[in-house]
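Structure file structure23.cif (mmCIF, C-alpha atoms) is printed below.
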data_data
#
loop_
_atom_site.group_PDB
_atom_site.id
_atom_site.type_symbol
_atom_site.label_atom_id
_atom_site.label_comp_id
_atom_site.auth_asym_id
_atom_site.auth_seq_id
_atom_site.Cartn_x
_atom_site.Cartn_y
_atom_site.Cartn_z
ATOM 1 C CA PRO A 1 1.281 -54.496 -19.023
ATOM 2 C CA THR A 2 2.507 -58.032 -19.659
ATOM 3 C CA ALA A 3 0.463 -58.340 -22.846
ATOM 4 C CA VAL A 4 1.726 -55.021 -24.222
ATOM 5 C CA ARG A 5 5.345 -55.917 -23.512
ATOM 6 C CA GLN A 6 5.058 -59.340 -25.170
ATOM 7 C CA ALA A 7 2.958 -58.358 -28.197
ATOM 8 C CA THR A 8 4.441 -58.079 -31.675
ATOM 9 C CA ARG A 9 1.796 -55.498 -32.540
ATOM 10 C CA VAL A 10 -0.638 -53.482 -30.404
ATOM 11 C CA THR A 11 -3.801 -52.111 -32.019
ATOM 12 C CA THR A 12 -6.264 -49.654 -30.577
ATOM 13 C CA VAL A 13 -9.299 -47.767 -31.846
ATOM 14 C CA SER A 14 -8.084 -44.150 -31.868
ATOM 15 C CA ALA A 15 -4.993 -42.013 -32.042
ATOM 16 C CA TYR A 16 -5.996 -40.685 -28.617
ATOM 17 C CA GLU A 17 -5.723 -44.158 -27.083
ATOM 18 C CA ALA A 18 -2.538 -44.883 -29.013
ATOM 19 C CA GLY A 19 -1.020 -41.785 -27.415
ATOM 20 C CA ARG A 20 -2.061 -42.919 -23.942
ATOM 21 C CA ILE A 21 -0.567 -46.373 -24.518
ATOM 22 C CA ALA A 22 2.677 -44.904 -25.856
ATOM 23 C CA GLU A 23 2.909 -42.600 -22.856
ATOM 24 C CA ARG A 24 2.480 -45.493 -20.430
ATOM 25 C CA PHE A 25 4.621 -47.939 -22.446
ATOM 26 C CA PRO A 26 7.221 -45.968 -24.440
ATOM 27 C CA ASP A 27 8.884 -49.154 -25.675
ATOM 28 C CA ALA A 28 5.650 -50.096 -27.480
ATOM 29 C CA ALA A 29 5.423 -46.853 -29.487
ATOM 30 C CA ASP A 30 6.859 -48.393 -32.661
ATOM 31 C CA ARG A 31 4.520 -51.392 -32.374
ATOM 32 C CA LEU A 32 1.296 -49.398 -32.150
ATOM 33 C CA ALA A 33 -1.372 -49.131 -34.842
ATOM 34 C CA VAL A 34 -4.813 -47.512 -34.980
ATOM 35 C CA VAL A 35 -7.714 -49.509 -36.394
ATOM 36 C CA SER A 36 -10.769 -47.319 -35.952
ATOM 37 C CA ASN A 37 -14.217 -48.561 -35.146
ATOM 38 C CA ALA A 38 -16.946 -47.996 -37.719
ATOM 39 C CA VAL A 39 -20.686 -47.564 -37.901
ATOM 40 C CA SER A 40 -23.167 -50.297 -38.724
ATOM 41 C CA GLU A 41 -25.141 -50.021 -41.941
ATOM 42 C CA ARG A 42 -28.264 -50.266 -39.779
ATOM 43 C CA PHE A 43 -27.711 -46.607 -38.929
ATOM 44 C CA ALA A 44 -29.035 -44.468 -41.761
ATOM 45 C CA PRO A 45 -31.626 -41.695 -42.056
ATOM 46 C CA VAL A 46 -35.130 -43.077 -41.542
ATOM 47 C CA SER A 47 -37.703 -41.453 -43.809
ATOM 48 C CA ASP A 48 -40.619 -43.920 -43.635
ATOM 49 C CA PRO A 49 -43.410 -41.860 -42.007
ATOM 50 C CA VAL A 50 -45.105 -44.956 -40.591
ATOM 51 C CA ARG A 51 -41.905 -46.113 -38.904
ATOM 52 C CA LEU A 52 -41.160 -42.633 -37.562
ATOM 53 C CA ALA A 53 -44.687 -42.244 -36.205
ATOM 54 C CA GLU A 54 -44.447 -45.655 -34.546
ATOM 55 C CA VAL A 55 -41.210 -44.770 -32.748
ATOM 56 C CA ARG A 56 -42.475 -41.308 -31.819
ATOM 57 C CA GLU A 57 -45.577 -42.828 -30.209
ATOM 58 C CA ARG A 58 -43.656 -45.645 -28.466
ATOM 59 C CA TYR A 59 -41.407 -43.237 -26.574
ATOM 60 C CA GLY A 60 -43.665 -40.196 -26.278
ATOM 61 C CA LEU A 61 -41.440 -38.038 -28.460
ATOM 62 C CA TYR A 62 -42.489 -34.491 -29.275
ATOM 63 C CA GLU A 63 -42.381 -32.878 -32.704
ATOM 64 C CA ARG A 64 -39.061 -31.262 -31.783
ATOM 65 C CA PHE A 65 -36.562 -32.532 -29.214
ATOM 66 C CA ALA A 66 -32.886 -32.841 -28.353
ATOM 67 C CA PHE A 67 -31.614 -36.305 -27.451
ATOM 68 C CA LEU A 68 -29.242 -37.383 -24.689
ATOM 69 C CA LEU A 69 -28.187 -40.902 -23.704
ATOM 70 C CA GLY A 70 -28.466 -40.972 -19.908
ATOM 71 C CA ASN A 71 -25.927 -43.639 -18.990
ATOM 72 C CA THR A 72 -25.043 -43.299 -15.282
ATOM 73 C CA ASP A 73 -21.302 -43.892 -15.818
ATOM 74 C CA PRO A 74 -19.671 -40.717 -14.404
ATOM 75 C CA LYS A 75 -17.630 -40.202 -17.575
ATOM 76 C CA LYS A 76 -20.876 -39.688 -19.528
ATOM 77 C CA ASN A 77 -21.189 -36.335 -17.743
ATOM 78 C CA ILE A 78 -24.972 -36.365 -17.392
ATOM 79 C CA PRO A 79 -25.155 -33.814 -14.532
ATOM 80 C CA ALA A 80 -23.293 -31.246 -16.639
ATOM 81 C CA ALA A 81 -25.565 -31.993 -19.605
ATOM 82 C CA VAL A 82 -28.665 -31.478 -17.454
ATOM 83 C CA GLU A 83 -27.252 -28.224 -16.052
ATOM 84 C CA ALA A 84 -26.469 -27.064 -19.587
ATOM 85 C CA TYR A 85 -30.013 -27.796 -20.724
ATOM 86 C CA VAL A 86 -31.412 -25.906 -17.709
ATOM 87 C CA ARG A 87 -29.290 -22.889 -18.648
ATOM 88 C CA TYR A 88 -30.559 -23.094 -22.231
ATOM 89 C CA ALA A 89 -34.210 -23.553 -21.193
ATOM 90 C CA GLU A 90 -34.117 -20.623 -18.783
ATOM 91 C CA ARG A 91 -33.082 -18.179 -21.491
ATOM 92 C CA VAL A 92 -34.971 -19.526 -24.518
ATOM 93 C CA PRO A 93 -38.768 -19.170 -24.522
ATOM 94 C CA GLN A 94 -40.523 -22.358 -25.612
ATOM 95 C CA ALA A 95 -37.306 -24.331 -25.300
ATOM 96 C CA VAL A 96 -37.153 -27.593 -27.257
ATOM 97 C CA LYS A 97 -37.638 -30.539 -24.889
ATOM 98 C CA LEU A 98 -34.778 -32.844 -23.910
ATOM 99 C CA VAL A 99 -35.280 -36.596 -24.245
ATOM 100 C CA VAL A 100 -32.960 -38.530 -21.927
ATOM 101 C CA ALA A 101 -32.876 -42.282 -22.463
ATOM 102 C CA ASP A 102 -31.985 -44.627 -19.597
ATOM 103 C CA LEU A 103 -32.219 -42.055 -16.830
ATOM 104 C CA ALA A 104 -34.265 -42.792 -13.713
ATOM 105 C CA PRO A 105 -36.840 -40.073 -12.852
ATOM 106 C CA GLU A 106 -35.615 -39.852 -9.261
ATOM 107 C CA ARG A 107 -32.063 -39.209 -10.475
ATOM 108 C CA LEU A 108 -33.234 -36.362 -12.710
ATOM 109 C CA ASP A 109 -35.352 -34.913 -9.898
ATOM 110 C CA GLU A 110 -32.306 -34.968 -7.610
ATOM 111 C CA MET A 111 -30.227 -33.073 -10.161
ATOM 112 C CA LEU A 112 -32.958 -30.497 -10.769
ATOM 113 C CA ARG A 113 -33.376 -29.905 -7.029
ATOM 114 C CA GLY A 114 -29.635 -29.299 -6.752
ATOM 115 C CA LEU A 115 -29.913 -26.711 -9.539
ATOM 116 C CA GLY A 116 -33.057 -25.106 -8.145
ATOM 117 C CA ALA A 117 -34.756 -25.947 -11.439
ATOM 118 C CA GLU A 118 -37.678 -28.171 -10.436
ATOM 119 C CA HIS A 119 -39.937 -25.811 -12.397
ATOM 120 C CA LEU A 120 -38.359 -27.114 -15.628
ATOM 121 C CA ARG A 121 -39.199 -30.767 -14.964
ATOM 122 C CA ASP A 122 -41.841 -30.794 -17.694
ATOM 123 C CA ARG A 123 -39.196 -29.892 -20.286
ATOM 124 C CA PHE A 124 -37.610 -33.345 -19.861
ATOM 125 C CA VAL A 125 -38.885 -36.575 -21.395
ATOM 126 C CA LEU A 126 -37.674 -39.834 -19.811
ATOM 127 C CA PRO A 127 -38.679 -42.776 -22.028
ATOM 128 C CA GLY A 128 -36.558 -45.296 -20.121
ATOM 129 C CA TYR A 129 -34.747 -47.944 -22.123
ATOM 130 C CA MET A 130 -34.786 -47.434 -25.885
ATOM 131 C CA ALA A 131 -34.350 -50.521 -28.045
ATOM 132 C CA HIS A 132 -31.192 -50.483 -30.138
ATOM 133 C CA ALA A 133 -33.282 -51.202 -33.229
ATOM 134 C CA ASP A 134 -35.190 -47.934 -32.677
ATOM 135 C CA LEU A 135 -32.185 -45.645 -32.255
ATOM 136 C CA ALA A 136 -31.743 -44.813 -35.948
ATOM 137 C CA ALA A 137 -35.316 -43.530 -36.042
ATOM 138 C CA VAL A 138 -34.820 -41.537 -32.827
ATOM 139 C CA TYR A 139 -31.643 -39.986 -34.229
ATOM 140 C CA SER A 140 -33.499 -39.203 -37.458
ATOM 141 C CA LEU A 141 -36.255 -37.423 -35.548
ATOM 142 C CA CYS A 142 -34.167 -35.362 -33.134
ATOM 143 C CA ASP A 143 -33.088 -31.767 -33.667
ATOM 144 C CA ALA A 144 -29.768 -32.395 -31.914
ATOM 145 C CA PHE A 145 -27.861 -35.278 -30.348
ATOM 146 C CA LEU A 146 -25.979 -34.250 -27.211
ATOM 147 C CA TYR A 147 -22.920 -36.319 -26.241
ATOM 148 C CA PRO A 148 -20.748 -34.283 -23.811
ATOM 149 C CA SER A 149 -18.733 -37.206 -22.455
ATOM 150 C CA LEU A 150 -15.586 -36.571 -20.420
ATOM 151 C CA ARG A 151 -13.640 -39.442 -21.930
ATOM 152 C CA GLU A 152 -14.179 -41.967 -24.716
ATOM 153 C CA SER A 153 -11.737 -44.329 -26.362
ATOM 154 C CA PHE A 154 -13.768 -43.837 -29.542
ATOM 155 C CA GLY A 155 -17.355 -42.628 -29.058
ATOM 156 C CA LEU A 156 -19.398 -44.812 -31.396
ATOM 157 C CA PRO A 157 -22.758 -43.059 -30.709
ATOM 158 C CA ILE A 158 -21.314 -39.959 -32.403
ATOM 159 C CA LEU A 159 -21.024 -41.836 -35.707
ATOM 160 C CA GLU A 160 -24.335 -43.644 -35.255
ATOM 161 C CA ALA A 161 -26.119 -40.320 -34.787
ATOM 162 C CA MET A 162 -24.340 -38.716 -37.734
ATOM 163 C CA ALA A 163 -25.064 -41.678 -40.004
ATOM 164 C CA SER A 164 -28.753 -41.322 -39.095
ATOM 165 C CA GLY A 165 -28.813 -37.622 -39.932
ATOM 166 C CA ALA A 166 -28.702 -36.076 -36.456
ATOM 167 C CA PRO A 167 -26.882 -32.782 -35.803
ATOM 168 C CA VAL A 168 -24.266 -33.613 -33.152
ATOM 169 C CA ILE A 169 -22.891 -31.684 -30.188
ATOM 170 C CA THR A 170 -19.989 -33.446 -28.500
ATOM 171 C CA SER A 171 -16.873 -32.869 -26.409
ATOM 172 C CA ASP A 172 -13.567 -31.376 -27.425
ATOM 173 C CA ALA A 173 -11.855 -33.981 -25.206
ATOM 174 C CA ALA A 174 -10.223 -37.397 -25.623
ATOM 175 C CA SER A 175 -11.016 -39.131 -28.931
ATOM 176 C CA MET A 176 -14.181 -37.231 -29.744
ATOM 177 C CA PRO A 177 -12.697 -34.471 -31.954
ATOM 178 C CA GLU A 178 -10.859 -37.206 -33.864
ATOM 179 C CA VAL A 179 -14.113 -39.062 -34.550
ATOM 180 C CA ALA A 180 -16.338 -36.027 -35.140
ATOM 181 C CA GLY A 181 -13.968 -34.046 -37.354
ATOM 182 C CA ASP A 182 -15.582 -30.792 -38.481
ATOM 183 C CA ALA A 183 -19.033 -32.396 -38.521
ATOM 184 C CA ALA A 184 -20.056 -31.563 -34.927
ATOM 185 C CA LEU A 185 -20.097 -28.616 -32.577
ATOM 186 C CA LEU A 186 -17.325 -29.285 -30.054
ATOM 187 C CA VAL A 187 -17.742 -28.066 -26.477
ATOM 188 C CA ASP A 188 -15.762 -28.099 -23.247
ATOM 189 C CA PRO A 189 -17.573 -30.876 -21.336
ATOM 190 C CA ARG A 190 -16.568 -29.405 -17.966
ATOM 191 C CA ARG A 191 -18.224 -26.052 -18.695
ATOM 192 C CA PRO A 192 -22.039 -26.361 -18.842
ATOM 193 C CA GLU A 193 -22.306 -22.805 -20.138
ATOM 194 C CA THR A 194 -20.497 -23.761 -23.350
ATOM 195 C CA ILE A 195 -22.782 -26.778 -23.787
ATOM 196 C CA ALA A 196 -25.799 -24.509 -23.285
ATOM 197 C CA ASP A 197 -24.491 -22.099 -25.921
ATOM 198 C CA ALA A 198 -24.123 -24.963 -28.398
ATOM 199 C CA LEU A 199 -27.641 -26.214 -27.669
ATOM 200 C CA GLU A 200 -29.046 -22.745 -28.290
ATOM 201 C CA GLN A 201 -27.043 -22.352 -31.485
ATOM 202 C CA VAL A 202 -28.231 -25.671 -32.924
ATOM 203 C CA LEU A 203 -31.807 -25.665 -31.691
ATOM 204 C CA THR A 204 -32.588 -22.112 -32.802
ATOM 205 C CA SER A 205 -30.973 -22.254 -36.252
ATOM 206 C CA PRO A 206 -32.276 -24.460 -39.087
ATOM 207 C CA PRO A 207 -29.229 -23.588 -41.254
ATOM 208 C CA VAL A 208 -26.855 -24.790 -38.514
ATOM 209 C CA ARG A 209 -28.802 -28.035 -38.161
ATOM 210 C CA ARG A 210 -28.795 -28.554 -41.912
ATOM 211 C CA THR A 211 -25.037 -27.967 -42.158
ATOM 212 C CA LEU A 212 -24.293 -30.351 -39.288
ATOM 213 C CA ARG A 213 -26.545 -33.029 -40.800
ATOM 214 C CA GLU A 214 -24.793 -32.793 -44.170
ATOM 215 C CA ARG A 215 -21.317 -32.838 -42.658
ATOM 216 C CA GLY A 216 -22.259 -35.646 -40.292
ATOM 217 C CA LEU A 217 -23.454 -37.922 -43.071
ATOM 218 C CA ARG A 218 -20.177 -37.387 -44.933
ATOM 219 C CA GLN A 219 -18.072 -37.921 -41.817
ATOM 220 C CA ALA A 220 -19.831 -41.157 -40.828
ATOM 221 C CA ALA A 221 -19.401 -42.525 -44.352
ATOM 222 C CA THR A 222 -15.613 -42.414 -43.920
ATOM 223 C CA PHE A 223 -15.758 -45.035 -41.148
ATOM 224 C CA SER A 224 -16.592 -48.421 -42.689
ATOM 225 C CA TRP A 225 -16.157 -51.892 -41.202
ATOM 226 C CA ASP A 226 -14.780 -53.094 -44.525
ATOM 227 C CA HIS A 227 -11.940 -50.571 -44.222
ATOM 228 C CA ALA A 228 -11.390 -51.512 -40.571
ATOM 229 C CA ALA A 229 -11.207 -55.195 -41.515
ATOM 230 C CA ARG A 230 -8.606 -54.488 -44.191
ATOM 231 C CA LEU A 231 -6.476 -52.566 -41.698
ATOM 232 C CA MET A 232 -6.767 -55.381 -39.170
ATOM 233 C CA LEU A 233 -5.844 -57.952 -41.812
ATOM 234 C CA ALA A 234 -2.720 -55.933 -42.558
ATOM 235 C CA GLU A 235 -1.833 -56.099 -38.854
ATOM 236 C CA TYR A 236 -2.105 -59.902 -38.902
ATOM 237 C CA ASP A 237 0.078 -60.015 -42.022
ATOM 238 C CA THR A 238 2.690 -57.907 -40.228
ATOM 239 C CA VAL A 239 2.682 -60.253 -37.230
ATOM 240 C CA LEU A 240 2.955 -63.359 -39.449
ATOM 241 C CA ALA A 241 5.797 -61.829 -41.452
ATOM 242 C CA ALA A 242 7.683 -61.170 -38.246
#
I'd like the structure from this file rewritten - as structure tokens, please.
Amino acid sequence: PTAVRQATRVTTVSAYEAGRIAERFPDAADRLAVVSNAVSERFAPVSDPVRLAEVRERYGLYERFAFLLGNTDPKKNIPAAVEAYVRYAERVPQAVKLVVADLAPERLDEMLRGLGAEHLRDRFVLPGYMAHADLAAVYSLCDAFLYPSLRESFGLPILEAMASGAPVITSDAASMPEVAGDAALLVDPRRPETIADALEQVLTSPPVRRTLRERGLRQAATFSWDHAARLMLAEYDTVLAA
């Protein structure tokens, strides 16, 4: 609060966060600016078959899979994502497997017991920690990237997945629609049935996956660090002029 009141300018990474700041500090509304995050050039579609085979073998990835980052922060909404996948797998024969990075097996088993879905345990792949350097290849290989977070100030993994060619399913909450634009399927993160519907739509339809990949690549390309730096430089100029 003290910093916001004293600052000549206040920058944040999304219009969503700017709105929250303005709501909490109305006097700062005319001093707010949005300087969006961007995606690293390291994230791009990986087509080298040797590299893809190496990553597939390292993490035990199947020919087809959906990908979920299993951070245990409650806002990441992993229990709802697991419930949504269970709903999808129970109604789709030969359901595509779900790869969940950074999720402990005992935590998954606990969730499946609570859902009465222990029989679907073999549909999940838990590779543990995935090196950041391998993520572009994982995104390139997956049939869908699932990111049903409850709240994000920005949601950088959305852009990283899109830049790597992954079809994205994400939340219609907080900053995520702002970042995803029309390049992702947006779902209500508090309703697992809507997440399950989106999984089924993407995983059973090559045309849907192709459309999301194409839109995602275009959307990610609009977020560059060069542009962000120019916007931030303009903020410094404004402060110096004042």
- prompt: Care to translate the PyMOL selection byres ((chain A and resi 186) around 6) into actual residues of this file, as a PyMOL selection string?
  reply: chain A and resi 170-172+185+187
message: Which residues would end up in the selection if the PyMOL selection byres ((chain A and resi 75) around 9) were applied here, given that I need the answer as a PyMOL selection string?
response: chain A and resi 72-74+76-78+149-152
message: I need the output of the PyMOL selection byres ((chain A and resi 194) around 12) for this file as a VMD selection string; which residues are they?
response: chain A and resid 80 to 81 83 to 85 87 to 88 148 169 to 172 185 to 193 195 to 201
query: So how many Å separate atom CA of A:Met111 and atom CA of A:Pro79, to one decimal?
result: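 Distance reported for this atom pair: 6.7 Å.
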statement: In terms of only C-alpha atoms, the residue from A:Val96, A:Leu231, A:Ala144, A:Leu68 at minimal distance from A:Val34 is A:Leu231
Counting only C-alpha atoms, which residues of stretch 123-219 of chain A sit at most 7 Å from some atom of stretch 36-56 of chain A, and what is each one's closest atom pair with its distance in Å to one decimal, listed by chain and rising residue number, as a tab-separated table?
residue	atom	partner	partner_atom	distance
A:Asp134	CA	A:Val55	CA	6.8
A:Ala136	CA	A:Phe43	CA	5.3
A:Ala137	CA	A:Val46	CA	5.5
A:Ser140	CA	A:Pro45	CA	5.6
A:Leu159	CA	A:Val39	CA	6.1
A:Glu160	CA	A:Phe43	CA	5.8
A:Ala163	CA	A:Ala44	CA	5.2
A:Ser164	CA	A:Ala44	CA	4.1
A:Gly165	CA	A:Pro45	CA	5.4
message: Report, in Å to a single decimal, how far apart atom CA of A:Arg9 and atom CA of A:Leu233 are.
response: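 Taking atom CA of A:Leu233 as the start and atom CA of A:Arg9 as the end point, the length is 12.3 Å.
In this comparison, which uses only C-alpha atoms, the residue of A:Glu63, A:Glu235, A:Glu178, A:Asp109 approaching A:Val82 most closely is A:Asp109.
Restricting the calculation to only C-alpha atoms, the smallest distance between A:Arg210 and any of A:Glu57, A:Asp102, A:Asp122, A:Asp143 is found for A:Asp143.
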